[in-house]
Amino acid sequence: MSWALIGMGVLGAPLLGGLLFGIDRKVTARLQGRKGPPIVQPFYDVIKLLAKDSTYTNRRQVFYLYSHLLWMLVALVILLTRQDFLVFVFALTFSEVSLALAGFATKSPYSHVGSNREMLQILASEPVLVFMAFALYLATGSFLTGGVFLIDEPLLFSYPLLFLAVLLVLTILMRKSPFDISSSAHAHQELVRGISTEFSGKYLALLEIAHWVELIIILVIVFLFWANPWWAGVLLALGAYFLELLIDNTYARLKLGSMIRTTWAWGFGLSLVNILYFTL
Amino acid sequence: MNLVRLAQAKSPWVLHYDASSCNGCDIETVACLTPLYDIERFGAVSIGSPKHADMLLVTGNVNHKSKRVLRNIYDQMTEPKVVVAIGICATSSGVFHQSYNVLGGADQAVPVDVYISGCPPRPEAIIDAIIMGVEKLKKKWKEEEEHPVKRSNQGSDTERSTADVG
């Protein structure tokens with residue numbers, strides 16, 4: 001994989017992610033019977049944030065925010081270069097834990113509550129991704145993501161229950177109701193502003209851009225379930241994205257306990273059944 | 001440069017603070033977020049943290065307690081920022097003017113840029129006020145760029161001592 005392609009991926013993913021976020025807000029607005037912001041609104045927001053005054057309470061916070069974006073980009077590159085899926089999961093976890101640490105780095109209690117919730121979200125969502133790595137190994141014989149392009153049958157056909165579990169966990173990763181417990185998208189209320197309470201200016205812009213990259217990473221995870229032919233995977237990813245939008249507008253936010261119970265019971269359960277079917 | 005100017009005008013993030021209001025103005029302000037009036041089409045989002053906000057919407061009179069809080073919130077907001085006083089109580093304390101605990105309108109605590117009177121003002125008037133606020137914000141962005149001011153304890157990229165106590 002040439003450096004030029006990696007560069008294109010790293011620059012293109014935030015742009016595409018931002019556009020998808022804009023479409024998200026527009027479609028949400030239309031579903032709610034209002035006009036909504038223009039599709040390029042996220043770009044306006046980030047450009048404005050980059051120009052605004054940036055304050056921070058201590059330098060650790062800044063370090064962890066840069067770390068969050070950096071590890072998110074590393075995870076993206078691992079996926080784009082079709083490398084080891086387990087390493088990708090670890091990079092993604094590093095990124096999310098960095099965000100939680102950025103919230104813990106300040107003394108604001110609102111920030112701490114947001115970070116606690118973020119850690120519990122990670123607890124709820126990571127197991128299913130690890131199960132997906134197992135499924136990848138069982139289907140292709142290695143943890144390399146590239147294997148998914150070489151098998152005859154799409155991953156979706158052998159692992160439909162795992163796909164359902166991933167859809168469940170998608171809601172957590174995309175920060176959508178009913179599982180947008182920590183620092184959800186705009187126009188959803190938080191305790192002050194949850195994890196990002198003490199971020200401002202260009203550091204908040206970093207967080208926004210990391211969210212865009214995270215969206216692309218999540219859609220690539222769905223894409224992997226039907227990677228061959230590639231347009232089927234893209235359709236699957238976009239279908240999952242719009243399904244999440246619909247779910248977001250239909251459900252209210254659940255409590256933390258409910259989220260963990262649901263994802264561990266159903267997420268674990270469905271994935272385990274699917275994996276055991278192939279190993280027993 | 002034009003793109004940056006455009007982005008700044010199209011993304012006013014709004015923080016709403018009730019300083020001892022009867023909640024009439026608050027209800028009308030929040031109504032602006034509902035599908036019928038929808039300020040999100042202007043890019044305005046009701047944001048929770050003052051550090052993220054561009055515009056402070058104040059409703060209600062200012063008394064001694066809310067003066068401290070209002071000043072604290074205003075100080076935490078990052079430059080450039082605009083304050084909009086919504087309703088006659090925030091403008092000039094209206095009928096409560098001679099009450100013993102009322103200090104006056106919002107301008108007793110923070111410098112106000114846009115006043116909109118009414119009891120309560122209609123959501124259309126509030127949207128108008130926000131747009132006026134955006135115009136003022138555009139002017140402040142321009143001034144900020146032409147004459148960047150070095151502030152002592154709330155400057156850009158300086159460590160804030162107010163939030164990290166001890």
# chains A, B, ... in the order shown; residues from 1 in each chain; ligands from 1

call {"tool": "select_by_dssp", "arguments": {"residues": "region 16-121 of chain B", "states": "strand (DSSP E)", "output": "PyMOL selection string"}}
result
chain B and resi 16-18+45-46+55-59+62-63+82-86+102-104+114-116

call {"tool": "select_by_dssp", "arguments": {"residues": "region 40-155 of chain A", "states": "helix (DSSP H, G or I)", "output": "PyMOL selection string"}}
result
chain A and resi 41-51+59-80+85-104+109-140+145-149+155

call {"tool": "closest_atom_pairs", "arguments": {"of": "chain A", "to": "chain B", "cutoff": "10 Å", "atoms": "only C-alpha atoms", "output": "CSV"}}
result
residue,atom,partner,partner_atom,distance
A:Arg25,CA,B:Glu40,CA,9.5
A:Lys26,CA,B:Arg41,CA,9.1
A:Ala29,CA,B:Pro35,CA,8.1
A:Arg30,CA,B:Pro35,CA,9.3
A:Gln32,CA,B:Pro35,CA,6.8
A:Gly33,CA,B:Pro35,CA,5.9
A:Arg34,CA,B:Pro35,CA,4.7
A:Lys35,CA,B:Arg41,CA,6.2
A:Gly36,CA,B:Arg41,CA,4.5
A:Pro37,CA,B:Arg41,CA,4.0
A:Pro38,CA,B:Arg41,CA,7.0
A:Val40,CA,B:Ala7,CA,9.8
A:Gln41,CA,B:Gly43,CA,6.7
A:Pro42,CA,B:Ser11,CA,8.9
A:Phe43,CA,B:Ala7,CA,7.7
A:Tyr44,CA,B:Ala7,CA,4.2
A:Asp45,CA,B:Ser11,CA,5.5
A:Val46,CA,B:Ala7,CA,8.3
A:Ile47,CA,B:Ala7,CA,6.1
A:Lys48,CA,B:Gln8,CA,4.9
A:Leu49,CA,B:Gln8,CA,8.4
A:Leu50,CA,B:Val4,CA,9.3
A:Ala51,CA,B:Val4,CA,7.8
A:Lys52,CA,B:Glu79,CA,6.5
A:Asp53,CA,B:Ser156,CA,5.1
A:Ser54,CA,B:Asp157,CA,5.4
A:Thr55,CA,B:Asp157,CA,5.1
A:Tyr56,CA,B:Glu159,CA,6.0
A:Thr57,CA,B:Arg160,CA,5.3
A:Asn58,CA,B:Glu159,CA,6.4
A:Arg59,CA,B:Glu159,CA,8.1
A:Thr106,CA,B:Asp164,CA,7.3
A:Lys107,CA,B:Asp164,CA,6.4
A:Ser108,CA,B:Ala163,CA,7.9
A:His186,CA,B:Val45,CA,7.1
A:Ala187,CA,B:Val45,CA,6.2
A:His188,CA,B:Ile47,CA,8.7
A:Gln189,CA,B:Gly48,CA,7.0
A:Glu190,CA,B:Gly48,CA,7.0
A:Leu191,CA,B:Gly48,CA,7.6
A:Val192,CA,B:Gly48,CA,4.6
A:Arg193,CA,B:Gly48,CA,5.0
A:Gly194,CA,B:Gly48,CA,8.7
A:Ser196,CA,B:Ser49,CA,8.3
A:Thr197,CA,B:Ser49,CA,5.6
A:Glu198,CA,B:Lys51,CA,6.7
A:Phe199,CA,B:Lys51,CA,6.9
A:Ser200,CA,B:Lys51,CA,5.4
A:Gly201,CA,B:His52,CA,7.3
A:Lys202,CA,B:Asp157,CA,9.7
A:Leu204,CA,B:His52,CA,8.0

call {"tool": "residues_around", "arguments": {"residues": "Val62 (chain B)", "least_positions_apart": "3", "cutoff": "12 Å", "atoms": "only C-alpha atoms", "output": "ChimeraX atom specification"}}
result
/B:17-21,58-59,65-71,85,88-94,96-97,99-110

call {"tool": "closest_residue", "arguments": {"among": "B:Gly60, B:Gly87, B:Val82, B:Pro111", "to": "Lys138 (chain B)", "atoms": "only C-alpha atoms"}}
result
B:Val82

call {"tool": "closest_residue", "arguments": {"among": "A:Leu254, A:Ser67, A:Leu5, A:Ile151", "to": "Pro229 (chain A)", "atoms": "only C-alpha atoms"}}
result
A:Ile151

call {"tool": "closest_residue", "arguments": {"among": "A:Leu99, A:Leu256, A:Val166, A:Leu236", "to": "Tyr203 (chain A)", "atoms": "only C-alpha atoms"}}
result
A:Leu99

call {"tool": "residues_around", "arguments": {"residues": "Trp266 (chain A)", "least_positions_apart": "5", "cutoff": "9 Å", "atoms": "only C-alpha atoms", "output": "VMD selection string"}}
result
chain A and resid 165 168 261 271

call {"tool": "closest_residue", "arguments": {"among": "B:Gly118, B:Gly133, B:Pro123, B:Pro148", "to": "Ala31 (chain B)", "atoms": "only C-alpha atoms"}}
result
B:Pro123

call {"tool": "atom_distance", "arguments": {"atom1": "CA of Leu156 (chain A)", "atom2": "CA of Thr171 (chain A)"}}
result
18.6 Å

call {"tool": "closest_residue", "arguments": {"among": "A:Pro178, A:Pro127, A:Gly239, A:Gly141", "to": "Gly267 (chain A)", "atoms": "only C-alpha atoms"}}
result
A:Pro127

call {"tool": "residues_around", "arguments": {"residues": "Leu11 (chain A)", "least_positions_apart": "3", "cutoff": "12 Å", "atoms": "only C-alpha atoms", "output": "ChimeraX atom specification"}}
result
/A:4-8,14-18,73,76-77,209,212-213,216

call {"tool": "write_last_selection", "arguments": {"atoms": "C-alpha atoms", "output": "short mmCIF file (atom, residue, chain, number, x, y, z; two decimals), in the first residue's frame"}}
result
data_model
loop_
_atom_site.label_atom_id
_atom_site.label_comp_id
_atom_site.auth_asym_id
_atom_site.auth_seq_id
_atom_site.Cartn_x
_atom_site.Cartn_y
_atom_site.Cartn_z
CA ALA A 4 0.17 8.33 -1.34
CA LEU A 5 -2.90 6.14 -0.90
CA ILE A 6 -2.52 6.17 2.88
CA GLY A 7 -2.24 9.96 2.76
CA MET A 8 -5.37 10.19 0.66
CA PRO A 14 -12.36 13.23 8.00
CA LEU A 15 -13.89 15.01 5.00
CA LEU A 16 -16.19 12.12 4.21
CA GLY A 17 -17.00 11.65 7.89
CA GLY A 18 -17.85 15.33 8.27
CA LEU A 73 -5.90 7.91 12.61
CA LEU A 76 -7.92 4.02 10.37
CA VAL A 77 -4.60 3.39 8.62
CA ILE A 209 -12.44 15.66 13.64
CA TRP A 212 -15.57 12.09 11.92
CA VAL A 213 -12.72 9.61 11.56
CA ILE A 216 -15.59 6.18 8.89
#

call {"tool": "residues_around", "arguments": {"residues": "Val130 (chain A)", "least_positions_apart": "5", "cutoff": "9 Å", "atoms": "only C-alpha atoms", "output": "number ranges by chain"}}
result
A: 85-86, 89, 135

call {"tool": "closest_residue", "arguments": {"among": "B:Ile86, B:Ser117, B:Asn72, B:Val95", "to": "Val30 (chain B)", "atoms": "only C-alpha atoms"}}
result
B:Ile86
